[in-house]
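File shown here: data_2.cif, holding mmCIF, C-alpha atoms and all ligand atoms.
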```cif
data_final
#
loop_
_atom_site.label_atom_id
_atom_site.label_comp_id
_atom_site.auth_asym_id
_atom_site.auth_seq_id
_atom_site.Cartn_x
_atom_site.Cartn_y
_atom_site.Cartn_z
CA MET A 1369 74.66 167.50 -24.58
CA GLY A 1370 76.51 168.12 -27.80
CA VAL A 1371 76.10 169.46 -31.29
CA ILE A 1372 75.26 167.21 -34.23
CA ILE A 1373 75.22 168.49 -37.79
CA ILE A 1374 74.04 166.03 -40.43
CA ASN A 1375 75.37 166.73 -43.91
CA PHE A 1376 73.04 165.25 -46.54
CA LYS A 1377 75.76 165.78 -49.23
CA ALA A 1378 74.45 165.02 -52.73
CA TYR A 1379 73.31 161.55 -51.71
CA LYS A 1380 70.15 160.35 -53.45
CA GLU A 1381 68.89 159.41 -49.99
CA GLY A 1382 69.43 163.02 -48.89
CA SER A 1383 67.79 164.76 -51.85
CA GLY A 1384 64.26 165.73 -52.87
CA LYS A 1385 61.50 163.77 -51.12
CA GLN A 1386 64.01 161.80 -49.11
CA ALA A 1387 65.59 165.05 -47.84
CA ILE A 1388 62.19 166.24 -46.58
CA GLU A 1389 61.55 162.87 -44.97
CA LEU A 1390 64.92 162.93 -43.21
CA ALA A 1391 64.45 166.53 -42.06
CA LYS A 1392 61.14 165.46 -40.45
CA ILE A 1393 62.88 162.59 -38.68
CA VAL A 1394 65.47 165.05 -37.34
CA GLU A 1395 62.70 167.40 -36.17
CA ASP A 1396 60.98 164.55 -34.35
CA VAL A 1397 64.11 163.11 -32.71
CA SER A 1398 65.27 166.63 -31.69
CA THR A 1399 62.20 167.05 -29.49
CA ARG A 1400 63.27 164.00 -27.47
CA ALA A 1401 67.06 164.38 -27.47
CA ASP A 1402 69.24 166.54 -25.23
CA ASP A 1403 71.45 167.38 -28.18
CA TYR A 1404 71.32 170.22 -30.69
CA ILE A 1405 70.72 168.57 -34.08
CA ALA A 1406 70.96 170.58 -37.30
CA ILE A 1407 71.01 169.56 -40.96
CA ALA A 1408 72.82 170.55 -44.15
CA PRO A 1409 70.58 169.45 -47.04
CA PRO A 1410 71.14 170.19 -50.73
CA LEU A 1411 70.43 173.83 -51.63
CA LEU A 1412 67.44 172.97 -53.80
CA ASP A 1413 65.64 171.41 -50.83
CA ILE A 1414 66.42 174.16 -48.36
CA GLN A 1415 63.44 176.42 -48.93
CA GLU A 1416 60.87 173.65 -48.51
CA ILE A 1417 62.53 172.45 -45.32
CA VAL A 1418 62.90 175.92 -43.79
CA SER A 1419 59.26 176.75 -44.46
CA GLN A 1420 57.79 173.48 -43.15
CA ILE A 1421 60.08 171.92 -40.59
CA GLN A 1422 61.37 173.10 -37.21
CA VAL A 1423 65.05 172.37 -37.55
CA ASP A 1424 68.12 174.55 -38.03
CA VAL A 1425 69.25 174.34 -41.64
CA TYR A 1426 72.78 174.92 -42.90
CA SER A 1427 73.99 175.19 -46.46
CA GLN A 1428 76.71 172.75 -47.56
CA HIS A 1429 78.56 175.51 -49.41
CA VAL A 1430 78.23 179.19 -50.27
CA ASP A 1431 80.22 181.11 -52.86
CA ALA A 1432 82.63 183.79 -51.67
CA VAL A 1433 80.90 186.67 -53.44
CA SER A 1434 78.20 189.17 -52.54
CA TYR A 1435 75.24 190.18 -54.74
CA GLY A 1436 76.41 191.19 -58.21
CA SER A 1437 77.28 189.93 -61.66
CA HIS A 1438 78.19 186.38 -60.65
CA THR A 1439 76.29 183.93 -62.83
CA GLY A 1440 75.37 180.69 -61.13
CA ARG A 1441 76.63 181.72 -57.69
CA ILE A 1442 74.93 181.49 -54.31
CA THR A 1443 75.85 184.34 -51.97
CA PRO A 1444 75.75 184.51 -48.16
CA GLU A 1445 72.99 187.13 -48.46
CA MET A 1446 70.81 184.71 -50.46
CA ILE A 1447 70.94 181.95 -47.85
CA HIS A 1448 70.43 184.49 -45.07
CA GLU A 1449 67.30 185.77 -46.81
CA LYS A 1450 65.91 182.21 -46.91
CA GLY A 1451 66.17 181.76 -43.14
CA VAL A 1452 69.20 179.47 -43.26
CA LYS A 1453 71.21 179.36 -40.03
CA GLY A 1454 74.70 179.17 -41.55
CA SER A 1455 76.90 177.07 -43.79
CA LEU A 1456 79.71 174.60 -43.99
CA ILE A 1457 82.76 176.30 -45.49
CA ASN A 1458 85.69 174.50 -47.16
CA HIS A 1459 84.30 170.97 -46.87
CA SER A 1460 86.81 168.34 -47.92
CA GLU A 1461 84.64 167.72 -50.99
CA TYR A 1462 84.49 171.47 -51.81
CA ARG A 1463 87.76 173.11 -50.83
CA LEU A 1464 88.16 176.90 -51.03
CA LYS A 1465 91.04 179.37 -51.15
CA LEU A 1466 92.13 180.90 -47.84
CA ALA A 1467 91.03 184.39 -48.93
CA ASP A 1468 87.57 183.04 -49.79
CA ILE A 1469 87.26 181.31 -46.42
CA GLU A 1470 88.17 184.58 -44.69
CA PHE A 1471 85.67 186.52 -46.81
CA LEU A 1472 82.87 184.12 -45.91
CA VAL A 1473 83.60 184.10 -42.17
CA SER A 1474 83.61 187.93 -42.07
CA ARG A 1475 80.45 188.27 -44.14
CA PHE A 1476 78.69 185.59 -42.05
CA ARG A 1477 79.58 187.56 -38.91
CA GLU A 1478 78.02 190.71 -40.39
CA LEU A 1479 74.86 188.85 -41.39
CA GLY A 1480 74.53 186.79 -38.20
CA LEU A 1481 75.08 183.50 -40.03
CA THR A 1482 76.90 180.63 -38.30
CA SER A 1483 80.21 179.63 -39.89
CA VAL A 1484 81.53 176.04 -39.82
CA ILE A 1485 84.99 175.78 -41.38
CA CYS A 1486 85.98 172.20 -42.24
CA THR A 1487 89.65 171.23 -41.87
CA ASN A 1488 91.75 168.15 -42.52
CA ASN A 1489 94.46 168.16 -39.83
CA VAL A 1490 95.67 169.92 -36.68
CA SER A 1491 97.56 172.75 -38.40
CA THR A 1492 94.70 173.66 -40.73
CA THR A 1493 92.40 173.57 -37.70
CA ALA A 1494 94.65 176.09 -35.95
CA SER A 1495 94.71 178.29 -39.07
CA ALA A 1496 90.94 178.11 -39.40
CA ALA A 1497 90.47 178.99 -35.71
CA ALA A 1498 92.55 182.14 -36.26
CA LEU A 1499 89.73 183.41 -38.50
CA GLU A 1500 87.40 183.13 -35.49
CA PRO A 1501 84.53 181.23 -37.06
CA ASP A 1502 81.74 179.83 -34.88
CA TYR A 1503 82.95 176.28 -35.48
CA VAL A 1504 85.86 174.38 -36.94
CA ALA A 1505 85.16 170.78 -37.98
CA ILE A 1506 88.14 168.47 -38.24
CA GLU A 1507 87.58 165.62 -40.72
CA PRO A 1508 90.50 163.45 -41.88
CA PRO A 1509 89.60 162.94 -45.57
CA GLU A 1510 90.70 159.30 -45.65
CA LEU A 1511 88.10 158.39 -43.01
CA ILE A 1512 85.18 160.23 -44.62
CA GLY A 1513 82.50 157.74 -45.66
CA SER A 1514 84.64 154.87 -44.41
CA GLY A 1515 82.49 153.83 -41.46
CA ILE A 1516 85.67 154.01 -39.34
CA PRO A 1517 85.03 156.65 -36.65
CA VAL A 1518 87.65 159.38 -36.34
CA SER A 1519 87.05 159.55 -32.59
CA LYS A 1520 88.22 155.95 -32.27
CA ALA A 1521 90.68 155.55 -35.15
CA GLU A 1522 92.49 158.86 -34.63
CA PRO A 1523 91.62 160.18 -31.15
CA GLU A 1524 94.84 162.23 -31.06
CA ILE A 1525 93.81 164.29 -34.09
CA VAL A 1526 90.58 165.21 -32.31
CA GLU A 1527 92.27 166.03 -28.99
CA ASN A 1528 95.08 167.99 -30.63
CA SER A 1529 92.68 169.88 -32.87
CA VAL A 1530 90.56 170.86 -29.86
CA ARG A 1531 93.69 172.06 -28.05
CA ALA A 1532 95.04 173.94 -31.08
CA ALA A 1533 91.72 175.66 -31.77
CA LYS A 1534 91.00 176.61 -28.15
CA ASP A 1535 94.58 177.91 -27.70
CA ILE A 1536 93.94 180.32 -30.53
CA SER A 1537 90.40 181.27 -29.59
CA SER A 1538 88.49 179.89 -26.63
CA GLU A 1539 85.25 180.98 -28.32
CA VAL A 1540 85.63 178.66 -31.31
CA LYS A 1541 83.68 175.43 -30.98
CA VAL A 1542 85.21 172.25 -32.38
CA LEU A 1543 83.39 169.46 -34.18
CA CYS A 1544 84.92 166.29 -35.52
CA GLY A 1545 83.67 164.13 -38.33
CA ALA A 1546 84.30 161.11 -40.56
CA GLY A 1547 82.91 157.67 -39.94
CA ILE A 1548 80.76 158.67 -36.97
CA SER A 1549 77.55 156.64 -36.74
CA LYS A 1550 77.14 155.12 -33.27
CA HIS A 1551 76.34 156.69 -29.90
CA GLU A 1552 79.69 155.38 -28.67
CA ASP A 1553 81.57 157.24 -31.46
CA TYR A 1554 79.73 160.45 -30.58
CA VAL A 1555 80.31 160.16 -26.81
CA THR A 1556 83.99 159.40 -27.43
CA ALA A 1557 84.25 162.60 -29.50
CA LEU A 1558 82.72 164.61 -26.65
CA ASP A 1559 85.07 162.92 -24.15
CA LEU A 1560 88.02 163.99 -26.31
CA GLY A 1561 86.91 167.60 -25.88
CA ALA A 1562 84.94 168.12 -29.07
CA ASP A 1563 81.71 170.13 -28.83
CA GLY A 1564 80.02 167.76 -31.23
CA VAL A 1565 80.14 165.94 -34.54
CA LEU A 1566 79.58 166.51 -38.24
CA LEU A 1567 78.39 163.37 -39.98
CA ALA A 1568 76.71 162.09 -43.12
CA SER A 1569 76.53 158.49 -44.36
CA GLY A 1570 75.91 156.86 -40.95
CA ILE A 1571 72.51 158.56 -40.81
CA VAL A 1572 71.67 159.61 -44.38
CA LYS A 1573 72.33 156.17 -45.87
CA ALA A 1574 71.13 154.08 -42.93
CA LYS A 1575 68.38 151.52 -43.68
CA ASP A 1576 66.26 152.86 -40.82
CA ARG A 1577 67.25 156.54 -40.44
CA LYS A 1578 65.01 157.22 -37.46
CA LYS A 1579 66.43 154.26 -35.58
CA ALA A 1580 69.99 155.26 -36.52
CA LEU A 1581 69.51 158.83 -35.26
CA GLU A 1582 67.82 157.67 -32.06
CA GLU A 1583 70.73 155.32 -31.48
CA LEU A 1584 73.25 158.11 -32.15
CA VAL A 1585 71.77 160.36 -29.47
CA GLY A 1586 71.31 157.52 -26.99
CA LEU A 1587 67.52 157.18 -27.14
CA ARG A 1588 67.83 153.43 -27.81
O1 LIG A 1601 80.49 166.36 -43.62
C1 LIG A 1601 80.51 165.15 -42.96
C2 LIG A 1601 81.27 164.14 -43.67
O2 LIG A 1601 82.28 164.55 -44.51
C3 LIG A 1601 81.57 162.90 -42.91
O3 LIG A 1601 81.04 161.90 -43.70
O4 LIG A 1601 79.91 159.82 -44.17
O5 LIG A 1601 82.03 159.81 -42.85
O6 LIG A 1601 79.92 160.69 -41.82
P1 LIG A 1601 80.73 160.48 -43.09
#
```

Translate this file's structure into structure tokens.
Amino acid sequence: MGVIIINFKAYKEGSGKQAIELAKIVEDVSTRADDYIAIAPPLLDIQEIVSQIQVDVYSQHVDAVSYGSHTGRITPEMIHEKGVKGSLINHSEYRLKLADIEFLVSRFRELGLTSVICTNNVSTTASAAALEPDYVAIEPPELIGSGIPVSKAEPEIVENSVRAAKDISSEVKVLCGAGISKHEDYVTALDLGADGVLLASGIVKAKDRKKALEELVGLR
């Protein structure tokens, strides 16, 4: 059994009505799968999902500020108040400064939010692990959205990231992502020592999302 976090990004297929529809699919498949499946929908859809659907919801990003005079910002306290489980931090498509990443991990710890720091290679994975987040998620940017699974195309980056992170803190869980869509890609990631996967297009943009998710977790 592993961890699967599905990032809806800002895909049309992952927004508004389609976000709700996909969250319901995840809720349904979760009841039959052995895996922990969580989602990271767009912020505007979070409240509706949290109030109606039994699934752990993550934010895709949070700003590194607390309540105060910060126009247009979303703080860790705001997502916590909405019943959100945690957030991705420093996604490849929304990079942050090191000091901001550290601020968010510390504040998440105080609030009981789950932190998932995204990284791009083995050394940034080691640096991220030193901040002792709940998860680090290694995603080589060139494979994101490519359909080429990181667990198959670059198994060494997954293995070495797992080793680097666990050497620094055995408590930190490691996810890998980019191009993951099939059960085989997921199982290979687990075999390489990852605790799970972070993925997007393989499920969000699939023609039949329910079928794609069932296939990912081995129910087909
Ligand atoms: O956050 C997950 C993501 O960056 C990987 O995207 O479409 O390659 O699964 P994708």

### Residues near stretch 1496-1504 of chain A, cut-off 8 Å, all atoms listed in the file, skip fewer than 2 positions along chain, as a ChimeraX atom specification
/A:1470,1473,1482-1487,1492-1494,1506,1533-1534,1536-1537,1539-1543

Please, which residues are within 9 Å of (75.3, 184.0, -48.8) by the file's coordinates, counting all atoms listed in the file, and could they come as a CSV table (one decimal) with C-alpha atoms, in the coordinates of the input?
```csv
chain,number,residue,atom,x,y,z
A,1430,VAL,CA,78.2,179.2,-50.3
A,1431,ASP,CA,80.2,181.1,-52.9
A,1432,ALA,CA,82.6,183.8,-51.7
A,1433,VAL,CA,80.9,186.7,-53.4
A,1434,SER,CA,78.2,189.2,-52.5
A,1435,TYR,CA,75.2,190.2,-54.7
A,1442,ILE,CA,74.9,181.5,-54.3
A,1443,THR,CA,75.8,184.3,-52.0
A,1444,PRO,CA,75.8,184.5,-48.2
A,1445,GLU,CA,73.0,187.1,-48.5
A,1446,MET,CA,70.8,184.7,-50.5
A,1447,ILE,CA,70.9,182.0,-47.8
A,1448,HIS,CA,70.4,184.5,-45.1
A,1449,GLU,CA,67.3,185.8,-46.8
A,1454,GLY,CA,74.7,179.2,-41.6
A,1455,SER,CA,76.9,177.1,-43.8
A,1472,LEU,CA,82.9,184.1,-45.9
A,1475,ARG,CA,80.4,188.3,-44.1
A,1476,PHE,CA,78.7,185.6,-42.0
A,1479,LEU,CA,74.9,188.8,-41.4
A,1481,LEU,CA,75.1,183.5,-40.0
```

Name the residues within 7 Å of (70.0, 162.2, -28.8), counting all atoms listed in the file in the file's coordinates, and put them as a PDB file with C-alpha atoms, in the coordinates of the input.
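The resulting part-v7.pdb:
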```pdb
ATOM      1  CA  ALA A1401      67.060 164.380 -27.470  1.00  0.00           C
ATOM      2  CA  ASP A1402      69.240 166.540 -25.230  1.00  0.00           C
ATOM      3  CA  ASP A1403      71.450 167.380 -28.180  1.00  0.00           C
ATOM      4  CA  GLU A1582      67.820 157.670 -32.060  1.00  0.00           C
ATOM      5  CA  LEU A1584      73.250 158.110 -32.150  1.00  0.00           C
ATOM      6  CA  VAL A1585      71.770 160.360 -29.470  1.00  0.00           C
ATOM      7  CA  GLY A1586      71.310 157.520 -26.990  1.00  0.00           C
ATOM      8  CA  LEU A1587      67.520 157.180 -27.140  1.00  0.00           C
TER       9      LEU A1587
END
```

### Task
Kindly compile the residues surrounding ligand LIG 1601 (chain A) within 10 Å, counting all atoms listed in the file, and format them as a PyMOL selection string.
chain A and resi 1373-1377+1408+1428+1456+1459-1461+1486+1505-1518+1544-1549+1565-1573

Using only C-alpha atoms, please write the residues we just selected to a file, as an mmCIF file, in the frame of the given file.
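Contents of result_22.cif, as written:
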```cif
data_model
loop_
_atom_site.group_PDB
_atom_site.id
_atom_site.type_symbol
_atom_site.label_atom_id
_atom_site.label_comp_id
_atom_site.auth_asym_id
_atom_site.auth_seq_id
_atom_site.Cartn_x
_atom_site.Cartn_y
_atom_site.Cartn_z
ATOM 1 C CA ILE A 1373 75.220 168.490 -37.790
ATOM 2 C CA ILE A 1374 74.040 166.030 -40.430
ATOM 3 C CA ASN A 1375 75.370 166.730 -43.910
ATOM 4 C CA PHE A 1376 73.040 165.250 -46.540
ATOM 5 C CA LYS A 1377 75.760 165.780 -49.230
ATOM 6 C CA ALA A 1408 72.820 170.550 -44.150
ATOM 7 C CA GLN A 1428 76.710 172.750 -47.560
ATOM 8 C CA LEU A 1456 79.710 174.600 -43.990
ATOM 9 C CA HIS A 1459 84.300 170.970 -46.870
ATOM 10 C CA SER A 1460 86.810 168.340 -47.920
ATOM 11 C CA GLU A 1461 84.640 167.720 -50.990
ATOM 12 C CA CYS A 1486 85.980 172.200 -42.240
ATOM 13 C CA ALA A 1505 85.160 170.780 -37.980
ATOM 14 C CA ILE A 1506 88.140 168.470 -38.240
ATOM 15 C CA GLU A 1507 87.580 165.620 -40.720
ATOM 16 C CA PRO A 1508 90.500 163.450 -41.880
ATOM 17 C CA PRO A 1509 89.600 162.940 -45.570
ATOM 18 C CA GLU A 1510 90.700 159.300 -45.650
ATOM 19 C CA LEU A 1511 88.100 158.390 -43.010
ATOM 20 C CA ILE A 1512 85.180 160.230 -44.620
ATOM 21 C CA GLY A 1513 82.500 157.740 -45.660
ATOM 22 C CA SER A 1514 84.640 154.870 -44.410
ATOM 23 C CA GLY A 1515 82.490 153.830 -41.460
ATOM 24 C CA ILE A 1516 85.670 154.010 -39.340
ATOM 25 C CA PRO A 1517 85.030 156.650 -36.650
ATOM 26 C CA VAL A 1518 87.650 159.380 -36.340
ATOM 27 C CA CYS A 1544 84.920 166.290 -35.520
ATOM 28 C CA GLY A 1545 83.670 164.130 -38.330
ATOM 29 C CA ALA A 1546 84.300 161.110 -40.560
ATOM 30 C CA GLY A 1547 82.910 157.670 -39.940
ATOM 31 C CA ILE A 1548 80.760 158.670 -36.970
ATOM 32 C CA SER A 1549 77.550 156.640 -36.740
ATOM 33 C CA VAL A 1565 80.140 165.940 -34.540
ATOM 34 C CA LEU A 1566 79.580 166.510 -38.240
ATOM 35 C CA LEU A 1567 78.390 163.370 -39.980
ATOM 36 C CA ALA A 1568 76.710 162.090 -43.120
ATOM 37 C CA SER A 1569 76.530 158.490 -44.360
ATOM 38 C CA GLY A 1570 75.910 156.860 -40.950
ATOM 39 C CA ILE A 1571 72.510 158.560 -40.810
ATOM 40 C CA VAL A 1572 71.670 159.610 -44.380
ATOM 41 C CA LYS A 1573 72.330 156.170 -45.870
#
```

### Query
Pick from A:Pro1409, A:Gly1436, A:Val1530, A:Glu1395: nearest to A:Gln1422, with only C-alpha atoms counted?
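Using only C-alpha atoms, A:Gln1422 sits closest to A:Glu1395.
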
#### Entry: Best match for closeness to A:Ser1398 among A:Pro1410, A:Gly1370, A:Gly1561, A:Gly1382, counting all atoms listed in the file
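For A:Ser1398, the nearest of the given residues is A:Gly1370.
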
### Summary
Closest of A:Ile1372, A:Ala1521, A:Leu1466, A:Ile1417 to A:Ser1495, counting all atoms listed in the file, is A:Leu1466

### Task
Figure out the distance between atom CA of A:Val1394 and atom CA of A:Ser1519, please, to one decimal in Å.
22.8 Å

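From atom CA of A:Ile1405 back to atom CA of A:Asn1489, the distance works out to 24.4 Å.
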
### Query
For A:Val1397, which residue among A:Lys1453, A:His1438, A:Lys1579, A:His1429 is the nearest when counting all atoms listed in the file?
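So, comparing all the options, the nearest one is A:Lys1579.
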
### Task
One decimal, Å: what's the distance from atom CA of A:Ser1383 over to atom CA of A:Leu1412, could you say?
8.4 Å

### Message
Residues near A:Gln1420, anyone? I mean within 12 Å using all atoms listed in the file, not counting same-chain ones fewer than 5 positions away, as a list in words.
### Response
Ile1388, Glu1389, Ala1391, Lys1392, Glu1395, Asp1413, Ile1414, Gln1415, Val1425 and Gly1451 of chain A

### Message
With distances taken over only C-alpha atoms, which residue among A:Asp1563, A:Glu1381, A:Asp1553, A:Asp1396 lies nearest A:Glu1522?
### Response
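For A:Glu1522, the nearest of the given residues is A:Asp1553.
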
### Task
Between A:Ser1419, A:Thr1556, A:Ser1427, A:Ser1437, single out the one closest to A:Ile1407, counting all atoms listed in the file.
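The answer is A:Ser1427, which sits nearest to A:Ile1407.
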
May I ask you to restore N, CA, C and O atoms in stretch 1424-1438 of chain A and write the result as a PDB file, in the frame of the given file?
```
ATOM      1  N   ASP A1424      67.159 173.595 -37.486  1.00  0.00           N
ATOM      2  CA  ASP A1424      68.120 174.550 -38.030  1.00  0.00           C
ATOM      3  C   ASP A1424      68.756 173.972 -39.292  1.00  0.00           C
ATOM      4  O   ASP A1424      69.228 172.832 -39.298  1.00  0.00           O
ATOM      5  N   VAL A1425      68.752 174.791 -40.341  1.00  0.00           N
ATOM      6  CA  VAL A1425      69.250 174.340 -41.640  1.00  0.00           C
ATOM      7  C   VAL A1425      70.523 175.104 -42.014  1.00  0.00           C
ATOM      8  O   VAL A1425      70.571 176.335 -41.925  1.00  0.00           O
ATOM      9  N   TYR A1426      71.535 174.352 -42.419  1.00  0.00           N
ATOM     10  CA  TYR A1426      72.780 174.920 -42.900  1.00  0.00           C
ATOM     11  C   TYR A1426      72.916 174.623 -44.382  1.00  0.00           C
ATOM     12  O   TYR A1426      72.396 173.615 -44.874  1.00  0.00           O
ATOM     13  N   SER A1427      73.640 175.482 -45.082  1.00  0.00           N
ATOM     14  CA  SER A1427      73.990 175.190 -46.460  1.00  0.00           C
ATOM     15  C   SER A1427      75.265 174.325 -46.448  1.00  0.00           C
ATOM     16  O   SER A1427      76.018 174.357 -45.479  1.00  0.00           O
ATOM     17  N   GLN A1428      75.481 173.570 -47.515  1.00  0.00           N
ATOM     18  CA  GLN A1428      76.710 172.750 -47.560  1.00  0.00           C
ATOM     19  C   GLN A1428      77.888 173.555 -48.111  1.00  0.00           C
ATOM     20  O   GLN A1428      79.049 173.184 -47.956  1.00  0.00           O
ATOM     21  N   HIS A1429      77.554 174.663 -48.776  1.00  0.00           N
ATOM     22  CA  HIS A1429      78.560 175.510 -49.410  1.00  0.00           C
ATOM     23  C   HIS A1429      77.909 176.840 -49.761  1.00  0.00           C
ATOM     24  O   HIS A1429      76.706 176.884 -50.018  1.00  0.00           O
ATOM     25  N   VAL A1430      78.678 177.898 -49.754  1.00  0.00           N
ATOM     26  CA  VAL A1430      78.230 179.190 -50.270  1.00  0.00           C
ATOM     27  C   VAL A1430      79.412 179.767 -51.040  1.00  0.00           C
ATOM     28  O   VAL A1430      80.571 179.538 -50.672  1.00  0.00           O
ATOM     29  N   ASP A1431      79.127 180.502 -52.099  1.00  0.00           N
ATOM     30  CA  ASP A1431      80.220 181.110 -52.860  1.00  0.00           C
ATOM     31  C   ASP A1431      80.708 182.380 -52.166  1.00  0.00           C
ATOM     32  O   ASP A1431      79.935 183.080 -51.516  1.00  0.00           O
ATOM     33  N   ALA A1432      81.996 182.651 -52.345  1.00  0.00           N
ATOM     34  CA  ALA A1432      82.630 183.790 -51.670  1.00  0.00           C
ATOM     35  C   ALA A1432      82.466 185.071 -52.484  1.00  0.00           C
ATOM     36  O   ALA A1432      83.446 185.703 -52.892  1.00  0.00           O
ATOM     37  N   VAL A1433      81.212 185.416 -52.743  1.00  0.00           N
ATOM     38  CA  VAL A1433      80.900 186.670 -53.440  1.00  0.00           C
ATOM     39  C   VAL A1433      79.638 187.241 -52.819  1.00  0.00           C
ATOM     40  O   VAL A1433      78.852 186.506 -52.220  1.00  0.00           O
ATOM     41  N   SER A1434      79.457 188.562 -52.958  1.00  0.00           N
ATOM     42  CA  SER A1434      78.200 189.170 -52.540  1.00  0.00           C
ATOM     43  C   SER A1434      77.338 189.377 -53.781  1.00  0.00           C
ATOM     44  O   SER A1434      77.764 189.081 -54.898  1.00  0.00           O
ATOM     45  N   TYR A1435      76.127 189.921 -53.607  1.00  0.00           N
ATOM     46  CA  TYR A1435      75.240 190.180 -54.740  1.00  0.00           C
ATOM     47  C   TYR A1435      76.009 190.875 -55.869  1.00  0.00           C
ATOM     48  O   TYR A1435      76.830 191.749 -55.612  1.00  0.00           O
ATOM     49  N   GLY A1436      75.748 190.521 -57.091  1.00  0.00           N
ATOM     50  CA  GLY A1436      76.410 191.190 -58.210  1.00  0.00           C
ATOM     51  C   GLY A1436      76.397 190.344 -59.457  1.00  0.00           C
ATOM     52  O   GLY A1436      75.617 189.381 -59.576  1.00  0.00           O
ATOM     53  N   SER A1437      77.277 190.639 -60.364  1.00  0.00           N
ATOM     54  CA  SER A1437      77.280 189.930 -61.660  1.00  0.00           C
ATOM     55  C   SER A1437      78.106 188.648 -61.525  1.00  0.00           C
ATOM     56  O   SER A1437      79.252 188.569 -61.960  1.00  0.00           O
ATOM     57  N   HIS A1438      77.514 187.661 -60.898  1.00  0.00           N
ATOM     58  CA  HIS A1438      78.190 186.380 -60.650  1.00  0.00           C
ATOM     59  C   HIS A1438      77.252 185.257 -61.062  1.00  0.00           C
ATOM     60  O   HIS A1438      76.523 184.704 -60.233  1.00  0.00           O
TER      61      HIS A1438
END
```
